[in-house]
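The structure file upload_16.json is reproduced below (JSON, C-alpha atoms).
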```
[["chain", "number", "residue", "atom", "x", "y", "z"],
["A", 1, "MET", "CA", -4.84, -29.63, -15.20],
["A", 2, "SER", "CA", -1.44, -28.10, -15.95],
["A", 3, "GLN", "CA", 1.89, -29.68, -15.16],
["A", 4, "PHE", "CA", 3.30, -26.28, -14.21],
["A", 5, "ARG", "CA", 2.66, -23.77, -11.46],
["A", 6, "HIS", "CA", 0.73, -20.60, -12.27],
["A", 7, "PRO", "CA", 1.75, -17.25, -10.78],
["A", 8, "TYR", "CA", -0.60, -15.30, -8.55],
["A", 9, "ILE", "CA", -0.21, -12.43, -6.09],
["A", 10, "VAL", "CA", -1.72, -12.17, -2.61],
["A", 11, "VAL", "CA", -1.58, -9.13, -0.33],
["A", 12, "ASP", "CA", -3.04, -9.46, 3.18],
["A", 13, "SER", "CA", -3.91, -6.48, 5.35],
["A", 14, "THR", "CA", -6.09, -5.31, 8.21],
["A", 15, "ASP", "CA", -6.66, -2.08, 6.26],
["A", 16, "PRO", "CA", -9.21, -2.72, 3.50],
["A", 17, "GLU", "CA", -8.66, 0.73, 1.96],
["A", 18, "ILE", "CA", -5.17, -0.25, 0.79],
["A", 19, "LEU", "CA", -6.53, -3.39, -0.83],
["A", 20, "GLU", "CA", -9.40, -1.47, -2.42],
["A", 21, "GLU", "CA", -6.82, 0.82, -4.08],
["A", 22, "LEU", "CA", -4.94, -2.20, -5.42],
["A", 23, "ALA", "CA", -8.17, -3.67, -6.78],
["A", 24, "PHE", "CA", -9.16, -0.33, -8.33],
["A", 25, "HIS", "CA", -5.84, 0.13, -10.12],
["A", 26, "PHE", "CA", -4.92, -3.47, -10.97],
["A", 27, "GLY", "CA", -8.10, -5.55, -10.76],
["A", 28, "GLY", "CA", -8.24, -8.73, -8.72],
["A", 29, "SER", "CA", -10.56, -9.57, -5.86],
["A", 30, "ILE", "CA", -10.76, -8.86, -2.14],
["A", 31, "LEU", "CA", -11.72, -11.60, 0.30],
["A", 32, "GLN", "CA", -12.61, -11.21, 3.95],
["A", 33, "LYS", "CA", -10.59, -13.66, 6.03],
["A", 34, "LYS", "CA", -11.94, -15.52, 9.04],
["A", 35, "THR", "CA", -10.96, -14.10, 12.41],
["A", 36, "ARG", "CA", -9.80, -17.07, 14.45],
["A", 37, "VAL", "CA", -9.15, -15.21, 17.70],
["A", 38, "GLU", "CA", -11.74, -12.72, 18.92],
["A", 39, "LYS", "CA", -9.20, -10.10, 19.99],
["A", 40, "HIS", "CA", -7.53, -10.05, 16.54],
["A", 41, "ARG", "CA", -8.48, -7.43, 13.98],
["A", 42, "GLN", "CA", -10.43, -8.33, 10.86],
["A", 43, "GLN", "CA", -8.16, -9.18, 7.92],
["A", 44, "TRP", "CA", -8.69, -9.01, 4.18],
["A", 45, "SER", "CA", -6.81, -10.52, 1.28],
["A", 46, "TRP", "CA", -6.37, -9.07, -2.21],
["A", 47, "ARG", "CA", -5.66, -11.64, -4.91],
["A", 48, "LEU", "CA", -4.57, -11.16, -8.48],
["A", 49, "TYR", "CA", -4.59, -13.98, -11.02],
["A", 50, "GLY", "CA", -3.67, -14.26, -14.70],
["A", 51, "ALA", "CA", -0.17, -13.95, -16.11],
["A", 52, "THR", "CA", -0.97, -10.79, -18.09],
["A", 53, "ASN", "CA", -2.40, -9.06, -15.00],
["A", 54, "ILE", "CA", 0.47, -10.17, -12.78],
["A", 55, "LEU", "CA", 3.24, -9.19, -15.18],
["A", 56, "GLY", "CA", 1.64, -5.77, -15.69],
["A", 57, "PHE", "CA", 1.36, -5.29, -11.92],
["A", 58, "LEU", "CA", 4.97, -6.37, -11.30],
["A", 59, "GLU", "CA", 6.35, -4.08, -14.02],
["A", 60, "LYS", "CA", 4.83, -1.13, -12.20],
["A", 61, "ILE", "CA", 5.79, -2.01, -8.62],
["A", 62, "VAL", "CA", 9.21, -3.71, -8.81],
["A", 63, "PRO", "CA", 11.08, -0.38, -8.65],
["A", 64, "TYR", "CA", 9.40, 0.30, -5.28],
["A", 65, "MET", "CA", 9.80, -3.17, -3.72],
["A", 66, "ARG", "CA", 12.25, -3.45, -0.82],
["A", 67, "CYS", "CA", 12.25, -7.16, 0.07],
["A", 68, "GLY", "CA", 15.17, -8.71, -1.82],
["A", 69, "THR", "CA", 13.66, -12.18, -2.08],
["A", 70, "LYS", "CA", 10.43, -10.84, -3.54],
["A", 71, "VAL", "CA", 12.29, -8.62, -6.01],
["A", 72, "ALA", "CA", 14.33, -11.62, -7.15],
["A", 73, "ARG", "CA", 11.17, -13.68, -7.65],
["A", 74, "ALA", "CA", 9.48, -10.82, -9.51],
["A", 75, "ARG", "CA", 12.50, -10.46, -11.81],
["A", 76, "ILE", "CA", 12.35, -14.16, -12.72],
["A", 77, "LEU", "CA", 8.68, -13.82, -13.63],
["A", 78, "LEU", "CA", 9.21, -10.63, -15.63],
["A", 79, "ASP", "CA", 12.37, -11.79, -17.40],
["A", 80, "GLU", "CA", 11.65, -15.46, -18.05],
["A", 81, "TYR", "CA", 7.99, -16.44, -17.63],
["A", 82, "PRO", "CA", 6.62, -14.99, -20.91],
["A", 83, "ALA", "CA", 9.32, -16.61, -23.07],
["A", 84, "LEU", "CA", 8.96, -19.99, -21.34],
["A", 85, "THR", "CA", 5.16, -20.16, -21.44],
["A", 86, "VAL", "CA", 3.67, -21.35, -24.72],
["A", 87, "ARG", "CA", 0.12, -20.29, -25.54],
["A", 88, "ASN", "CA", -1.12, -23.65, -26.78],
["A", 89, "GLY", "CA", 0.21, -25.61, -23.79],
["A", 90, "ARG", "CA", 2.18, -28.00, -26.00],
["A", 91, "TYR", "CA", 5.74, -28.01, -24.75],
["A", 92, "THR", "CA", 8.75, -29.73, -26.28],
["A", 93, "THR", "CA", 11.02, -31.75, -23.99],
["A", 94, "ASP", "CA", 13.52, -28.86, -23.92],
["A", 95, "GLN", "CA", 10.78, -26.33, -23.13],
["A", 96, "VAL", "CA", 9.52, -28.50, -20.25],
["A", 97, "ALA", "CA", 13.04, -28.75, -18.83],
["A", 98, "ALA", "CA", 13.56, -24.97, -19.11],
["A", 99, "LYS", "CA", 10.22, -24.17, -17.48],
["A", 100, "LEU", "CA", 10.78, -26.63, -14.63],
["A", 101, "ASP", "CA", 14.26, -25.15, -14.09],
["A", 102, "MET", "CA", 12.74, -21.66, -13.85],
["A", 103, "GLU", "CA", 10.13, -22.89, -11.35],
["A", 104, "GLU", "CA", 12.80, -24.59, -9.26],
["A", 105, "ARG", "CA", 14.95, -21.46, -9.15],
["A", 106, "PHE", "CA", 11.88, -19.35, -8.32],
["A", 107, "MET", "CA", 10.85, -21.61, -5.43],
["A", 108, "ALA", "CA", 14.43, -21.83, -4.10],
["A", 109, "ILE", "CA", 14.55, -18.08, -3.48],
["A", 110, "GLY", "CA", 12.39, -18.16, -0.33],
["A", 111, "HIS", "CA", 9.08, -16.99, 0.98],
["A", 112, "GLY", "CA", 9.47, -13.39, 2.09],
["A", 113, "ARG", "CA", 10.86, -11.90, 5.28],
["A", 114, "GLY", "CA", 13.06, -14.25, 7.24],
["A", 115, "ALA", "CA", 13.24, -16.94, 4.56],
["A", 116, "SER", "CA", 16.89, -16.16, 3.81],
["A", 117, "LEU", "CA", 17.77, -16.35, 7.49],
["A", 118, "ARG", "CA", 16.00, -19.70, 7.85],
["A", 119, "ALA", "CA", 17.92, -21.06, 4.86],
["A", 120, "LEU", "CA", 21.22, -19.89, 6.36],
["A", 121, "HIS", "CA", 20.34, -21.46, 9.70],
["A", 122, "ARG", "CA", 19.56, -24.81, 8.04],
["A", 123, "ALA", "CA", 22.79, -24.71, 6.06],
["A", 124, "SER", "CA", 24.93, -24.07, 9.14],
["A", 125, "ALA", "CA", 23.21, -26.76, 11.24]]
```
Using the file provided, produce a representation of the structure as structure tokens.
Amino acid sequence: MSQFRHPYIVVDSTDPEILEELAFHFGGSILQKKTRVEKHRQQWSWRLYGATNILGFLEKIVPYMRCGTKVARARILLDEYPALTVRNGRYTTDQVAAKLDMEERFMAIGHGRGASLRALHRASA
């Protein structure tokens, strides 16, 4: 088990055709999600794992992304993750500190739409 987080990408949709296009062009897998309420539409989830796959995907889509928090997170992965991830898994004390700092900054950015507003609300309360 690793001491660090591993990046992955998840896209949820009620339109499986969009997810099939993502899987066709970038790989990954599509999962059918459970419908908890009968009147809700069926949902699917596309998931992409592996740093090489994710970085390749992000390089292609970052110019088209509109959510500022997700762009900021993508930039951290693209700009810092490869240099801070050693292939053999043996990190020096300085490398561990740098990687944990990157993870902390990544996680502090927020979780998509509304995350920035929630953070502002907490800070003003």
Exercise. Pick out the residues sitting within 10 Å of Gln95 of chain A, and hand them over as a list of chain:residue names; count all atoms listed in the file, and ignore anything fewer than 6 positions along from it in its own chain.
Key: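 The residues that qualify are A:Ala83, A:Leu84, A:Thr85, A:Val86, A:Asp101.
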One decimal, Å: what's the distance from atom CA of Arg36 of chain A over to atom CA of Glu17 of chain A, could you say?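 Between atom CA of Arg36 of chain A and atom CA of Glu17 of chain A the gap is 21.8 Å.
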A:Val62, A:Leu19, A:Ala98, A:Ile109: which is nearest Trp44 of chain A, counting all atoms listed in the file?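 Of all the options, A:Leu19 lies closest to Trp44 of chain A.
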re atom CA of Gln42 of chain A and atom CA of Arg66 of chain A: distance 26.0 Å
Contact residues around His6 of chain A with all atoms listed in the file at 12 Å, ignoring same-chain residues under 4 positions, as a PDB file with C-alpha atoms, keeping the file's coordinate frame:
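around-v8.pdb, written as the output of this step:
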```
ATOM      1  CA  MET A   1      -4.840 -29.630 -15.200  1.00  0.00           C
ATOM      2  CA  SER A   2      -1.440 -28.100 -15.950  1.00  0.00           C
ATOM      3  CA  LEU A  48      -4.570 -11.160  -8.480  1.00  0.00           C
ATOM      4  CA  TYR A  49      -4.590 -13.980 -11.020  1.00  0.00           C
ATOM      5  CA  GLY A  50      -3.670 -14.260 -14.700  1.00  0.00           C
ATOM      6  CA  ALA A  51      -0.170 -13.950 -16.110  1.00  0.00           C
ATOM      7  CA  THR A  52      -0.970 -10.790 -18.090  1.00  0.00           C
ATOM      8  CA  ILE A  54       0.470 -10.170 -12.780  1.00  0.00           C
ATOM      9  CA  LEU A  77       8.680 -13.820 -13.630  1.00  0.00           C
ATOM     10  CA  TYR A  81       7.990 -16.440 -17.630  1.00  0.00           C
ATOM     11  CA  PRO A  82       6.620 -14.990 -20.910  1.00  0.00           C
ATOM     12  CA  THR A  85       5.160 -20.160 -21.440  1.00  0.00           C
ATOM     13  CA  LYS A  99      10.220 -24.170 -17.480  1.00  0.00           C
ATOM     14  CA  LEU A 100      10.780 -26.630 -14.630  1.00  0.00           C
ATOM     15  CA  GLU A 103      10.130 -22.890 -11.350  1.00  0.00           C
ATOM     16  CA  PHE A 106      11.880 -19.350  -8.320  1.00  0.00           C
TER      17      PHE A 106
END
```
Check: For Asp15 of chain A, which residue out of A:Asn53, A:Ser45, A:Gln3, A:Thr35 is the nearest one, using only C-alpha atoms?
Finding: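 Going through A:Asn53, A:Ser45, A:Gln3, A:Thr35 one by one, the smallest distance to Asp15 of chain A is for A:Ser45.
The nearest approach to Pro16 of chain A among the residues A:Trp46, A:Phe4, A:Thr92, A:Lys34, with only C-alpha atoms taken into account, belongs to A:Trp46.
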N, CA and C atoms for segment 73-89 of chain A, written as a PDB file, in the coordinates of the input, could you do that?
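Once everything was written out, this is result00.pdb:
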```
ATOM      1  N   ARG A  73      12.247 -12.868  -7.079  1.00  0.00           N
ATOM      2  CA  ARG A  73      11.170 -13.680  -7.650  1.00  0.00           C
ATOM      3  C   ARG A  73      10.435 -12.914  -8.754  1.00  0.00           C
ATOM      4  N   ALA A  74      10.159 -11.644  -8.518  1.00  0.00           N
ATOM      5  CA  ALA A  74       9.480 -10.820  -9.510  1.00  0.00           C
ATOM      6  C   ALA A  74      10.309 -10.714 -10.786  1.00  0.00           C
ATOM      7  N   ARG A  75      11.627 -10.562 -10.649  1.00  0.00           N
ATOM      8  CA  ARG A  75      12.500 -10.460 -11.810  1.00  0.00           C
ATOM      9  C   ARG A  75      12.472 -11.746 -12.637  1.00  0.00           C
ATOM     10  N   ILE A  76      12.436 -12.892 -11.979  1.00  0.00           N
ATOM     11  CA  ILE A  76      12.350 -14.160 -12.720  1.00  0.00           C
ATOM     12  C   ILE A  76      11.060 -14.192 -13.527  1.00  0.00           C
ATOM     13  N   LEU A  77       9.949 -13.815 -12.897  1.00  0.00           N
ATOM     14  CA  LEU A  77       8.680 -13.820 -13.630  1.00  0.00           C
ATOM     15  C   LEU A  77       8.716 -12.852 -14.806  1.00  0.00           C
ATOM     16  N   LEU A  78       9.193 -11.638 -14.570  1.00  0.00           N
ATOM     17  CA  LEU A  78       9.210 -10.630 -15.630  1.00  0.00           C
ATOM     18  C   LEU A  78      10.168 -11.000 -16.763  1.00  0.00           C
ATOM     19  N   ASP A  79      11.337 -11.537 -16.405  1.00  0.00           N
ATOM     20  CA  ASP A  79      12.370 -11.790 -17.400  1.00  0.00           C
ATOM     21  C   ASP A  79      12.209 -13.121 -18.130  1.00  0.00           C
ATOM     22  N   GLU A  80      11.639 -14.123 -17.469  1.00  0.00           N
ATOM     23  CA  GLU A  80      11.650 -15.460 -18.050  1.00  0.00           C
ATOM     24  C   GLU A  80      10.276 -16.075 -18.322  1.00  0.00           C
ATOM     25  N   TYR A  81       9.288 -15.757 -17.514  1.00  0.00           N
ATOM     26  CA  TYR A  81       7.990 -16.440 -17.630  1.00  0.00           C
ATOM     27  C   TYR A  81       7.343 -16.303 -19.008  1.00  0.00           C
ATOM     28  N   PRO A  82       7.289 -15.100 -19.599  1.00  0.00           N
ATOM     29  CA  PRO A  82       6.620 -14.990 -20.910  1.00  0.00           C
ATOM     30  C   PRO A  82       7.278 -15.844 -21.996  1.00  0.00           C
ATOM     31  N   ALA A  83       8.608 -15.859 -22.031  1.00  0.00           N
ATOM     32  CA  ALA A  83       9.320 -16.610 -23.070  1.00  0.00           C
ATOM     33  C   ALA A  83       9.190 -18.123 -22.875  1.00  0.00           C
ATOM     34  N   LEU A  84       9.009 -18.561 -21.630  1.00  0.00           N
ATOM     35  CA  LEU A  84       8.960 -19.990 -21.340  1.00  0.00           C
ATOM     36  C   LEU A  84       7.544 -20.555 -21.306  1.00  0.00           C
ATOM     37  N   THR A  85       6.548 -19.708 -21.505  1.00  0.00           N
ATOM     38  CA  THR A  85       5.160 -20.160 -21.440  1.00  0.00           C
ATOM     39  C   THR A  85       4.563 -20.116 -22.845  1.00  0.00           C
ATOM     40  N   VAL A  86       4.247 -21.295 -23.380  1.00  0.00           N
ATOM     41  CA  VAL A  86       3.670 -21.350 -24.720  1.00  0.00           C
ATOM     42  C   VAL A  86       2.157 -21.228 -24.618  1.00  0.00           C
ATOM     43  N   ARG A  87       1.559 -20.570 -25.597  1.00  0.00           N
ATOM     44  CA  ARG A  87       0.120 -20.290 -25.540  1.00  0.00           C
ATOM     45  C   ARG A  87      -0.742 -21.532 -25.729  1.00  0.00           C
ATOM     46  N   ASN A  88      -0.279 -22.489 -26.523  1.00  0.00           N
ATOM     47  CA  ASN A  88      -1.120 -23.650 -26.780  1.00  0.00           C
ATOM     48  C   ASN A  88      -0.948 -24.768 -25.757  1.00  0.00           C
ATOM     49  N   GLY A  89       0.003 -24.605 -24.826  1.00  0.00           N
ATOM     50  CA  GLY A  89       0.210 -25.610 -23.790  1.00  0.00           C
ATOM     51  C   GLY A  89       0.966 -26.839 -24.241  1.00  0.00           C
TER      52      GLY A  89
END
```
